[in-house]
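Engineer: Please see the structure below; I have some questions.
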There are 2 protein chains.
Amino acid sequence: MKSGQKRVVIENVSPEINGGQHAAKRVVGQRFEVIADILADGHDVLNAQIKYKAGKSRNWQTAPMHHADNDGWKGEFTVDKQGEYTYSIEAWVDYPLTWQHNIERKIDDGQHVNVELLDGVQYLKALKKKCPTEKEYLDSLIKAFQSEEQYNHAINEARSKKLHDLFHDNPTKEFSTTYEKNLPLYVDRGKALFSSWYEFFPRSTSKEEGKHGTFKDCLDVLPHVSDMGFDVIYFPPIHPIGTAHRKGKNNTTTPEPDDVGVPWAIGNKEGGHKDILPELGSLADFKKVVKEAKGQGIEIALDFALQCSPDHPYVKENPSWFKWRPDGTVQYAENPPKKYQDIYPIYFESKDWEPMWDEFVSIVLHWNKLGIKIFRVDNPHTKPFGFWEYLIAEVKKVDKDVLFLSEAFTRPKVMQRLAKVGFTQGYTYYTWRNTKGELIEYMNELTKGPMKDYFRPNFWPNTPDINPWPLQGGNENLYIIRHMMAATLSSNYGMYGPVYEQIDHSPVVGKEEYLNSEKYEVRHWDWNKTNKLKQLITRVNQIRKEYSAFQFTNNIEFCGVDNDQLISYFKQSEDGSSNVLCIVNLDPYNKQSGWLRVPRYRLGVSADSAIRVSDLVTGNSYIWKDEVNYIELDPYQVPYHIFSVQV
Amino acid sequence: MKSGQKRVVIENVSPEINGGQHAAKRVVGQRFEVIADILADGHDVLNAQIKYKAGKSRNWQTAPMHHADNDGWKGEFTVDKQGEYTYSIEAWVDYPLTWQHNIERKIDDGQHVNVELLDGVQYLKALKKKCPTEKEYLDSLIKAFQSEEQYNHAINEARSKKLHDLFHDNPTKEFSTTYEKNLPLYVDRGKALFSSWYEFFPRSTSKEEGKHGTFKDCLDVLPHVSDMGFDVIYFPPIHPIGTAHRKGKNNTTTPEPDDVGVPWAIGNKEGGHKDILPELGSLADFKKVVKEAKGQGIEIALDFALQCSPDHPYVKENPSWFKWRPDGTVQYAENPPKKYQDIYPIYFESKDWEPMWDEFVSIVLHWNKLGIKIFRVDNPHTKPFGFWEYLIAEVKKVDKDVLFLSEAFTRPKVMQRLAKVGFTQGYTYYTWRNTKGELIEYMNELTKGPMKDYFRPNFWPNTPDINPWPLQGGNENLYIIRHMMAATLSSNYGMYGPVYEQIDHSPVVGKEEYLNSEKYEVRHWDWNKTNKLKQLITRVNQIRKEYSAFQFTNNIEFCGVDNDQLISYFKQSEDGSSNVLCIVNLDPYNKQSGWLRVPRYRLGVSADSAIRVSDLVTGNSYIWKDEVNYIELDPYQVPYHIFSVQV
């Protein structure tokens, strides 16, 4: 039985993910707010603080909490170190402040409080021990509290702010309660929260049409991507591609001899997940791409796809990692109605799961050793959650910088679980959220509910697997809109190009697939080609870098506009210095207008003072004096405003 | 590291109160539903069951769970024993059913599945071990699955419902996951959920005006209470009343010599919490009341008020249980602006808290030994939560029948916490919820949110401490309405009489207090007096006993009525046999009418079939054929319908 003298209860702590099994997530420099219900019997004054520490430190730091509402308390601290943090809460009945609160009420009620003053002496004496610098002041109070002649002086001092602050800042914490759990928090580097991804197929980079691109060709592409303002380039798998059951163009099962196969059909006699497709070049070539990219402010992200071509060395070396059927075959991967005849899934229930897990960890560490710190993980939802939890933890032990993007387009709770077990970022349903209502509902789910603490969304308007229905017939305006929203709703976003910026959107009829998809063939692109879309992509990426309000996702707040084709949202950086307001015309064909409710209360401006909004794309500035302002957007000009807001 | 072959995750289990620290509550015979998110990687077929056991049994029983929606699963079992239960969840990938699901899809797709049939033989063999009675059938299947000639027969059997059911009912549970916690459930006797309380002051029972009533007088009152249909009589404290700082009539501090004092100022030289006020009679008299009441179907509930008159023997015997001030006094109890000069609070931070706690437990056990199994606990929110958790657990160890009603009219989270630490029932805000919007919002908070599993509301239209503003000037109709709603919204309810049924509602002006309150003086009542209100109270209590739908609270569902003065709700018993529909006119002065949306879908009736509703008060019956029905209620007739609904 714990001490019966502990009267304070701490419950409903948040964040607390699955009872503290999983870590909340932040990046270096970010605020971390903790809330809890803190209560005791009776009406005594309570106080509370967050306890926290980084890594394996033995020293707890503290941050004050304050009562917010209805027994709810909150506090916050800023995280400044990468890696694991631990936090908890300590709370106590503050006896000196309770004494002060009660004596104040009695004084106000006109009661004579000499006994209460005598009672207070014990708290003054205790305070003196904690505050030697205040010895003189406190000694004089102790005397006054016990002297009938100094009664008026004593009651003034008894209720003084100075005494209140001394008590508050030097708590005795008698019979304090510490929350029964130490909760985990994981702090990543900044890129976990703010990143701009560009995906392209290295084999589609040759200047010569019909020729297989190489890493050397990629060197020439880097400046184009860098100029557009992206800071992560994600390559589909760069490993040897299987020849068994190789797919032909447009996913046919009857390839031509010169068909190059699907990069996700990993492994052949030339190697597996730790090797490079010879057609792309050498390891040295790859290293040069990584280094050159870094010089241009770009990190290379690799694909981590745990599956094998039937030719993969694993199949012979580790047959127990695959599930063999009675006829001696392995069932190829399926995701009905999709069939992947060129791919064997891993048999994760293998009795040899332990060495297998460690081999998979070693793949990530292999590339990490070569400077790769970002992995886009292919279909993680078809591998056990426990495996990912293990792999990510093992990798982070070696290099805290490593980030994992979960490519799980699946059911919500599965996506959430993957984030809980450690994925840094996750793909989202943004790709299929088009209307104002859908977008607001989805953003609020991501940023206002429990997911906000562990699921970092990464918004993609397209991927090699998804040519969304609206984009299939969309005009350039729609591409401009869908890009801009991905990049301003979410601080992490990406796009698959040059398909996107060149609006190469022919579909496989009746499917959300690209025709002549690069998944099955080498394509040729004119990287110098430019258009309005590309210019606006570039400008939006610049704005994201300049205005830190765009470097957070959870800070979004939607603003009222009386037109369902206009969506508007406000973002503010944590330090309050960067304030941006976006208004988007969702209709790519017609001019739309409406009245916007300006989020003046977020800016702390009074009713009669004006704000200045500056359009960061057109350069136009406006002075807004009113609560509501007229907005008109012609999609054939720029279909959105991105305003910087100045008070 | 747990086995990597376990792929199923169980999370978001509900009920799970404070991470399993506190027990969910049910009564004997009630259903207990458990829900959880259960998921695995990939697309395999999952299955799950609840594991549960009563008391210290080592044998887990099981109840099936089924997939409800979006990875959410649910299952239920019925509790048949009083006391502690434990429950958890086990879930697994069902490999045989996954095999069957996959082969069905391939057969439907026109694929040749001979390898899949061969693959299935292993599951048939495993099944044979579990189902020896099906040996012949399974042997024939094993043969067919391996024989090309019997292919058509084999694929028919492979997808048969018989095989599905055999697999489903005899799971292999390979690599199953058990939820990491064993969660607590506490099962009370039925009265915890269904009780009708009547509070009166035993000292106000004398037939002779001005005379102090006795337990002997109470014997004559019992039939009146029994006739009204109540099954719990709650007595304010029956102990010796202090004389120090005794209060006079109407809470004055200048009592007359013959003033009787406040029953909650417990203890004087004649004894304390284990003793009886001599004016009420002897212990034998008290025992007779308890026995006679029992014979009339009534339990006596005592007040448990942990506080002392300055004359209480505890003050001298255990001075460390009180907080002494520097002048040698104890500060009397206060709840500003209320002052209780005649009461010392207990000092729960006493260093001697352990023997003190045990002494308080012994008070409850003392009365329990005399046959008392229900305690109404006075102001539990001014004593530590941990104390209540200890006391209630200790008492339940001795007698599982004991029920505790928490008299905490305080902040929501404090009331919730008291319920979590073990209080069987709690007073509520019903006393101050008057409008349709308030009532619906509050009922939904109590019965649809997390409180539904641990907080059992007890609705009181009045108490000796609360003469609610609307009742102070209310007409008889309002008293009829407020009583009926307390008794039909909540399965536990009570009222403080005869003040209530005799509409003795004069207030202390400007306060929600009764004038000439029985808290401070002896009152005289004509127990034979009757009126329409009393007749309707009696009828409603009869109906509550006859229609089990009223014996639950969480089963409430509100029905649409297009008039804010009409509120309507439907209730169904767990077994579906009892269906009731209430419609109340909240306006005690005017006839109100409106169109009621009949909850036909809950009754499972088709669009064209009629239902019969029988008014259980007036005896009138109606046939309703339509989705909406006209309702008109004149408060001067009966201001409500209580319909029994027959399909």
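Naming scheme: A, B, ... for chains in displayed order of the structure tokens; residues 1 onward per chain; ligands 1 onward as shown.
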Mind the document's chain letters and residue numbers, and return as JSON, numbers by chain the residues of region 2-93 of chain A that DSSP labels strand (DSSP E).
Structural biologist: {"A": [9, 10, 11, 12, 13, 14, 24, 25, 26, 27, 31, 32, 33, 34, 35, 36, 37, 38, 39, 46, 47, 48, 49, 50, 51, 52, 53, 54, 61, 62, 63, 64, 65, 66, 67, 68, 69, 72, 73, 74, 75, 76, 77, 78, 83, 84, 85, 86, 87, 88, 89, 90, 91, 92, 93]}
Engineer: Quick one: residues within 7 Å of Lys6 (chain B), only C-alpha atoms, excluding same-chain residues fewer than 3 positions away - as a PyMOL selection string?
Structural biologist: chain B and resi 3+175-177
Engineer: Dump N, CA and C atoms for the selected residues as a compact mmCIF listing (two decimals), in the first residue's frame?
Structural biologist:
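Just written: selection.txt:
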```txt
# COMPACT_ATOMS: atom_id res chain seq x y z
N SER B 3 8.23 -13.55 -29.38
CA SER B 3 8.39 -14.25 -30.65
C SER B 3 8.01 -13.37 -31.83
N PHE B 175 0.74 -19.22 -32.99
CA PHE B 175 1.36 -17.90 -32.78
C PHE B 175 0.34 -16.87 -32.28
N SER B 176 -0.57 -17.28 -31.44
CA SER B 176 -1.61 -16.34 -31.00
C SER B 176 -1.01 -15.28 -30.07
N THR B 177 -1.68 -14.15 -30.04
CA THR B 177 -1.28 -13.03 -29.19
C THR B 177 -2.31 -12.90 -28.08
```
Engineer: Write out as a PyMOL selection string each polymer residue whose atoms come within 9 Å of region 454-466 of chain B, counting only C-alpha atoms; drop sequence neighbours fewer than 3 positions from it.
Structural biologist: chain B and resi 17+22-26+192-193+195+197+199+405+415-416+418-420+422-432+446-447+450-451+469+471+479+482-483+485-487+489-497+499-500+511-514+517-519+553
Engineer: Enter the distance from CA of Trp99 (chain B) to CA of Thr382 (chain A), in Å, rounded to one decimal.
Structural biologist: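 For CA of Trp99 (chain B) relative to CA of Thr382 (chain A), the distance reads 16.8 Å.
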Engineer: Would you work out the distance separating CA of Ile103 (chain A) from CA of Val115 (chain A), expressed in Å to one decimal?
Structural biologist: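 CA of Ile103 (chain A) sits 9.9 Å away from CA of Val115 (chain A).
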Engineer: May I have the residues within 9 Å of Val638 (chain A) as an NGL selection string, using only C-alpha atoms and disregarding those fewer than 5 positions away in the same chain?
Structural biologist: :A and (477 or 480 or 536 or 617-618 or 633)
Engineer: Which residues of chain B sit at most 9 Å from chain A, using only C-alpha atoms? Give each one's shortest atom pair and distance in Å (one decimal place), in chain and ascending residue order, as a tab-separated table.
Structural biologist:
```
residue	atom	partner	partner_atom	distance
B:Met1	CA	A:Tyr390	CA	8.8
B:Lys2	CA	A:Gly386	CA	8.8
B:Ser3	CA	A:Trp353	CA	8.8
B:Gly4	CA	A:Gly386	CA	6.5
B:Gln5	CA	A:Glu349	CA	4.8
B:Lys6	CA	A:Glu349	CA	7.9
B:Arg7	CA	A:Pro384	CA	5.4
B:Val8	CA	A:Pro384	CA	8.2
B:Val9	CA	A:Phe385	CA	8.0
B:Glu11	CA	A:Asn18	CA	7.2
B:Asn12	CA	A:Asn18	CA	7.3
B:Asn18	CA	A:Glu11	CA	7.2
B:Gly19	CA	A:Gly19	CA	6.4
B:Asp37	CA	A:Lys413	CA	7.9
B:Leu39	CA	A:Val414	CA	7.1
B:Ala40	CA	A:Pro384	CA	7.0
B:Asp41	CA	A:Thr382	CA	4.8
B:Gly42	CA	A:Thr382	CA	4.2
B:His43	CA	A:Thr382	CA	7.8
B:Asn70	CA	A:Arg411	CA	7.3
B:Asp71	CA	A:Lys413	CA	7.0
B:Arg105	CA	A:Pro336	CA	8.9
B:Val115	CA	A:Asp327	CA	6.4
B:Glu116	CA	A:Arg325	CA	8.0
B:Leu118	CA	A:Pro326	CA	6.2
B:Asp119	CA	A:Pro326	CA	5.9
B:Phe175	CA	A:Glu349	CA	8.8
B:Arg325	CA	A:Asp119	CA	6.3
B:Pro326	CA	A:Asp119	CA	5.9
B:Asp327	CA	A:Val115	CA	6.4
B:Asn335	CA	A:His43	CA	8.6
B:Pro336	CA	A:Arg105	CA	9.0
B:Phe348	CA	A:Gln5	CA	6.8
B:Glu349	CA	A:Gln5	CA	4.8
B:Ser350	CA	A:Gln5	CA	7.4
B:Lys351	CA	A:Gln5	CA	7.9
B:Trp353	CA	A:Gly4	CA	6.6
B:Glu354	CA	A:Gly4	CA	7.5
B:Trp357	CA	A:Gly4	CA	8.8
B:Pro380	CA	A:Asp41	CA	8.1
B:His381	CA	A:Asp41	CA	5.1
B:Thr382	CA	A:Gly42	CA	4.2
B:Lys383	CA	A:Asp41	CA	5.5
B:Pro384	CA	A:Asp41	CA	5.3
B:Phe385	CA	A:Asp41	CA	6.8
B:Gly386	CA	A:Gly4	CA	6.5
B:Phe387	CA	A:Gly4	CA	6.7
B:Tyr390	CA	A:Met1	CA	8.9
B:Arg411	CA	A:Asn70	CA	7.3
B:Pro412	CA	A:Asn70	CA	7.9
B:Lys413	CA	A:Asp71	CA	7.0
B:Val414	CA	A:Leu39	CA	7.1
B:Arg417	CA	A:Val9	CA	8.9
```
Engineer: Just the helix (DSSP H, G or I) stuff from region 93-211 of chain A, please, per backbone DSSP, written as a VMD selection string.
Structural biologist: chain A and resid 95 to 108 114 to 130 132 to 145 151 to 158 161 to 169 190 to 192 202 to 204
